[in-house]
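One structure below.
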Amino acid sequence: MSGAWTAHSALEDSAAAAAEVAAGLAGGGEPRAIVFMAGIRHDGAAIARALGERFPTAQVIGCSTDGEFTERARGKGGIAATALSSAKVGAAAATIAHVGGDVEEGIRAAARRLSDALGRDLRELDPQRWVGLALLEGAKGREEKINEALGNVAPLLSFVGGSAGDDIQFKQTWVAANGAFDPDGCALLVMEMKAPFAVLKTCSFEPSERVVTVTAADPSRRLILELDGRPAAERYAELTGLRREDLDFVHCIQAPLGLMIDGKPWLRSVVQANGDALFCACAVLPGTTLSLMRATDMVQDAARAIDAIEREELGAKMGGAILFNCAGRMVEASMKGIEADYHAVLSRVVHVGMHSNGESWLGHMNHTLTGLVFG
Amino acid sequence: MSRFASLGDIESALRRQLPLNAIFTSVNTRLILQTGINLKQIREDQNKSPAAIDKVVDALRRMGLLEDKQ
């Protein structure tokens, strides 16, 4: 074992699936951390409890998905999991932040529990040795607030993760940690990494020469009201060449807008027209300049991103990865018939992954492959 | 009222507090996503804007950064 290993079950019965995953994770030593991703119909509390009882040395977190995968299997409605040994992880602590009320307070309380468990304040953790995983409630549009609150309790620490899924229904998701369960929570796992690590964030779009300025927006409702001083739907249709009546998920998913930061796109997916406005999958601030993005090759981009991070950041082949792949990319890959090729590229690396309702790192974003990767 | 006269002053103070460029960059990314203001590419029309300065100082204060300057 390399210090990271995975298991998968396609079973729909939670007890049976958890037992199959536990059996698959056994034999690799005593894990320090386990991350599982499961279909929305599964009993997350039962899975977390079963894995915790079977692996008492491990901190366990998990969430519901839009589909889950490892380097050897993929599906929807099952369970995928990874275990990390002491070769990868030193100290670790997990908890759930309840975000159904005051998000800031929920995250602060969770941060206090994590700090107590680790014996030191999260703010004091060396961000070059420590990292956080965050599995966010993914149906109620709170990801911006959750990310901001995480930045407020530990601004130097990376929390990487994604929004829990529910088969892309955006109605109800769940998260779990160490036997606890919350349909309105954010599961957090903070780890001292014993291996080199980095954050992978890539997408299969590049900026075109066409840019627009957001002249009016309602970030709290994820609405762009105006682009370049004109009704947003009208200007976006003109920009993309789409007919006004075609501004729906299927068409808009292929023409996201991108906020460019340090030359890298942070995608803001347009979901659909909402009257004269555009409803997006994450908040956009007034005054922001956005690029209309042009699709590139998802398979080649993923391969290049993995090569680049191995070469430039890890200095070695990846020993494992915990991946969050936007459900929109899953839909796009399916429409283009490239799912097998895409997963073949990811499967060069031992990994667990999920199709997510959004991805998180420093903030909330859309239509990316984001994850924690390590040597 | 902020003690900073410009976004450039804030950038300098934050770089002193966070000398590692990768860490400065990640905090700057948080700022861009929360406020729309980029301390690595300060717009001329924002540099001495009290509203822009207050917005950034407030975001950094919530993160517990630059607190000795408040």
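Residue numbering restarts at 1 in every chain; chains get A, B, ... in the order shown in the structure tokens, and ligands count up from 1 in that same order.
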
Checklist entry - Given a cut-off of 8 Å, which residues of chain A touch chain B, counting only C-alpha atoms, written out as a ChimeraX atom specification? => result /A:148,151-156,261,285,287-288,362-363

Just write the chosen residues, all heavy atoms, as an mmCIF file, in the first residue's frame.
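Result file out35.cif:
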```cif
data_model
loop_
_atom_site.group_PDB
_atom_site.id
_atom_site.type_symbol
_atom_site.label_atom_id
_atom_site.label_comp_id
_atom_site.auth_asym_id
_atom_site.auth_seq_id
_atom_site.Cartn_x
_atom_site.Cartn_y
_atom_site.Cartn_z
ATOM 1 N N GLU A 148 -16.372 32.002 3.162
ATOM 2 C CA GLU A 148 -15.923 33.243 3.803
ATOM 3 C C GLU A 148 -15.688 32.997 5.297
ATOM 4 O O GLU A 148 -14.682 33.439 5.864
ATOM 5 C CB GLU A 148 -16.967 34.343 3.594
ATOM 6 C CG GLU A 148 -16.484 35.704 4.044
ATOM 7 C CD GLU A 148 -17.434 36.821 3.649
ATOM 8 O OE1 GLU A 148 -18.027 36.741 2.552
ATOM 9 O OE2 GLU A 148 -17.588 37.763 4.438
ATOM 10 N N GLY A 151 -12.525 31.192 5.880
ATOM 11 C CA GLY A 151 -11.409 32.131 5.729
ATOM 12 C C GLY A 151 -11.250 33.023 6.949
ATOM 13 O O GLY A 151 -10.146 33.436 7.284
ATOM 14 N N ASN A 152 -12.356 33.293 7.621
ATOM 15 C CA ASN A 152 -12.274 34.159 8.801
ATOM 16 C C ASN A 152 -11.684 33.435 10.014
ATOM 17 O O ASN A 152 -11.026 34.044 10.844
ATOM 18 C CB ASN A 152 -13.651 34.726 9.140
ATOM 19 C CG ASN A 152 -14.120 35.716 8.090
ATOM 20 O OD1 ASN A 152 -13.324 36.200 7.280
ATOM 21 N ND2 ASN A 152 -15.400 36.012 8.075
ATOM 22 N N VAL A 153 -11.939 32.124 10.117
ATOM 23 C CA VAL A 153 -11.372 31.400 11.275
ATOM 24 C C VAL A 153 -9.943 30.939 11.012
ATOM 25 O O VAL A 153 -9.176 30.743 11.959
ATOM 26 C CB VAL A 153 -12.234 30.182 11.704
ATOM 27 C CG1 VAL A 153 -13.600 30.637 12.186
ATOM 28 C CG2 VAL A 153 -12.362 29.152 10.595
ATOM 29 N N ALA A 154 -9.595 30.758 9.748
ATOM 30 C CA ALA A 154 -8.234 30.274 9.435
ATOM 31 C C ALA A 154 -7.840 30.774 8.045
ATOM 32 O O ALA A 154 -7.824 30.009 7.085
ATOM 33 C CB ALA A 154 -8.189 28.749 9.486
ATOM 34 N N PRO A 155 -7.515 32.069 7.929
ATOM 35 C CA PRO A 155 -7.318 32.659 6.593
ATOM 36 C C PRO A 155 -6.133 32.099 5.819
ATOM 37 O O PRO A 155 -6.115 32.188 4.594
ATOM 38 C CB PRO A 155 -7.116 34.152 6.898
ATOM 39 C CG PRO A 155 -6.678 34.214 8.318
ATOM 40 C CD PRO A 155 -7.353 33.066 9.003
ATOM 41 N N LEU A 156 -5.169 31.523 6.519
ATOM 42 C CA LEU A 156 -3.974 31.044 5.821
ATOM 43 C C LEU A 156 -4.078 29.565 5.447
ATOM 44 O O LEU A 156 -3.280 29.060 4.669
ATOM 45 C CB LEU A 156 -2.720 31.274 6.671
ATOM 46 C CG LEU A 156 -2.555 32.681 7.268
ATOM 47 C CD1 LEU A 156 -1.180 32.819 7.897
ATOM 48 C CD2 LEU A 156 -2.781 33.758 6.220
ATOM 49 N N ILE A 261 -8.212 35.419 -12.281
ATOM 50 C CA ILE A 261 -7.355 35.796 -11.149
ATOM 51 C C ILE A 261 -5.981 35.185 -11.392
ATOM 52 O O ILE A 261 -5.859 33.967 -11.519
ATOM 53 C CB ILE A 261 -7.929 35.287 -9.802
ATOM 54 C CG1 ILE A 261 -9.329 35.861 -9.558
ATOM 55 C CG2 ILE A 261 -6.988 35.658 -8.654
ATOM 56 C CD1 ILE A 261 -9.992 35.367 -8.281
ATOM 57 N N LEU A 285 -20.093 39.590 -8.102
ATOM 58 C CA LEU A 285 -20.166 40.918 -7.496
ATOM 59 C C LEU A 285 -20.326 42.003 -8.561
ATOM 60 O O LEU A 285 -19.734 41.902 -9.640
ATOM 61 C CB LEU A 285 -18.887 41.198 -6.698
ATOM 62 C CG LEU A 285 -18.587 40.247 -5.545
ATOM 63 C CD1 LEU A 285 -17.229 40.589 -4.927
ATOM 64 C CD2 LEU A 285 -19.680 40.306 -4.495
ATOM 65 N N GLY A 287 -19.508 45.248 -10.582
ATOM 66 C CA GLY A 287 -18.208 45.845 -10.886
ATOM 67 C C GLY A 287 -17.194 44.853 -11.415
ATOM 68 O O GLY A 287 -16.111 45.232 -11.870
ATOM 69 N N THR A 288 -17.528 43.569 -11.355
ATOM 70 C CA THR A 288 -16.592 42.539 -11.792
ATOM 71 C C THR A 288 -16.509 42.487 -13.311
ATOM 72 O O THR A 288 -17.522 42.610 -14.003
ATOM 73 C CB THR A 288 -17.072 41.153 -11.287
ATOM 74 O OG1 THR A 288 -17.253 41.217 -9.881
ATOM 75 C CG2 THR A 288 -16.076 40.069 -11.630
ATOM 76 N N LEU A 362 -10.835 28.550 -1.167
ATOM 77 C CA LEU A 362 -10.759 30.004 -0.962
ATOM 78 C C LEU A 362 -12.087 30.680 -1.242
ATOM 79 O O LEU A 362 -12.358 31.771 -0.783
ATOM 80 C CB LEU A 362 -9.658 30.653 -1.828
ATOM 81 C CG LEU A 362 -8.271 30.028 -1.691
ATOM 82 C CD1 LEU A 362 -7.274 30.696 -2.655
ATOM 83 C CD2 LEU A 362 -7.745 30.141 -0.264
ATOM 84 N N GLY A 363 -12.916 30.064 -2.022
ATOM 85 C CA GLY A 363 -14.235 30.566 -2.361
ATOM 86 C C GLY A 363 -14.986 29.479 -3.096
ATOM 87 O O GLY A 363 -14.455 28.391 -3.331
#
```

Item to check | Polymer residues at most 12 Å from A:His251, only C-alpha atoms, same-chain spacing of 2 or more positions, as a ChimeraX atom specification | outcome: /A:236-237,240-249,253-256,269-273,328,331-332,335

I need the residues from that last selection saved to file as a PDB file, in the first residue's frame (with C-alpha atoms), if you can.
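Output (part-v8.pdb):
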```
ATOM      1  CA  TYR A 236     -25.349  37.373 -22.614  1.00  0.00           C
ATOM      2  CA  ALA A 237     -27.446  36.068 -25.521  1.00  0.00           C
ATOM      3  CA  THR A 240     -22.780  33.890 -26.823  1.00  0.00           C
ATOM      4  CA  GLY A 241     -24.863  33.857 -29.999  1.00  0.00           C
ATOM      5  CA  LEU A 242     -27.549  31.886 -28.165  1.00  0.00           C
ATOM      6  CA  ARG A 243     -31.184  32.680 -28.798  1.00  0.00           C
ATOM      7  CA  ARG A 244     -32.885  34.382 -25.873  1.00  0.00           C
ATOM      8  CA  GLU A 245     -35.315  31.446 -25.555  1.00  0.00           C
ATOM      9  CA  ASP A 246     -32.389  29.003 -25.373  1.00  0.00           C
ATOM     10  CA  LEU A 247     -30.881  30.451 -22.203  1.00  0.00           C
ATOM     11  CA  ASP A 248     -31.394  27.254 -20.223  1.00  0.00           C
ATOM     12  CA  PHE A 249     -29.070  24.847 -18.380  1.00  0.00           C
ATOM     13  CA  ILE A 253     -23.503  25.136 -19.380  1.00  0.00           C
ATOM     14  CA  GLN A 254     -21.379  25.344 -22.504  1.00  0.00           C
ATOM     15  CA  ALA A 255     -20.767  29.074 -22.172  1.00  0.00           C
ATOM     16  CA  PRO A 256     -19.740  29.956 -18.618  1.00  0.00           C
ATOM     17  CA  SER A 269     -21.655  29.084 -14.554  1.00  0.00           C
ATOM     18  CA  VAL A 270     -24.826  30.601 -15.924  1.00  0.00           C
ATOM     19  CA  VAL A 271     -27.695  28.264 -15.067  1.00  0.00           C
ATOM     20  CA  GLN A 272     -30.519  29.967 -16.941  1.00  0.00           C
ATOM     21  CA  ALA A 273     -32.232  33.249 -17.676  1.00  0.00           C
ATOM     22  CA  GLY A 328     -21.917  20.081 -14.868  1.00  0.00           C
ATOM     23  CA  VAL A 331     -23.172  16.171 -17.791  1.00  0.00           C
ATOM     24  CA  GLU A 332     -20.856  17.740 -20.355  1.00  0.00           C
ATOM     25  CA  MET A 335     -23.115  14.698 -23.738  1.00  0.00           C
TER      26      MET A 335
END
```

Next on the checklist: With DSSP run on the backbone, what are the alpha helix (DSSP H) residues within stretch 6-248 of chain A? I'd like them as a PyMOL selection string.
Outcome noted: chain A and resi 14-25+44-54+103-118+143-153+232-240

Checklist entry - If you count only C-alpha atoms, which residues fall within 12 Å of A:Phe159, apart from same-chain ones fewer than 3 positions away, as a PyMOL selection string? => result (chain A and resi 122+127+130-136+146-156+162+186-191+198-199+359-364+370-372) or (chain B and resi 26+30)
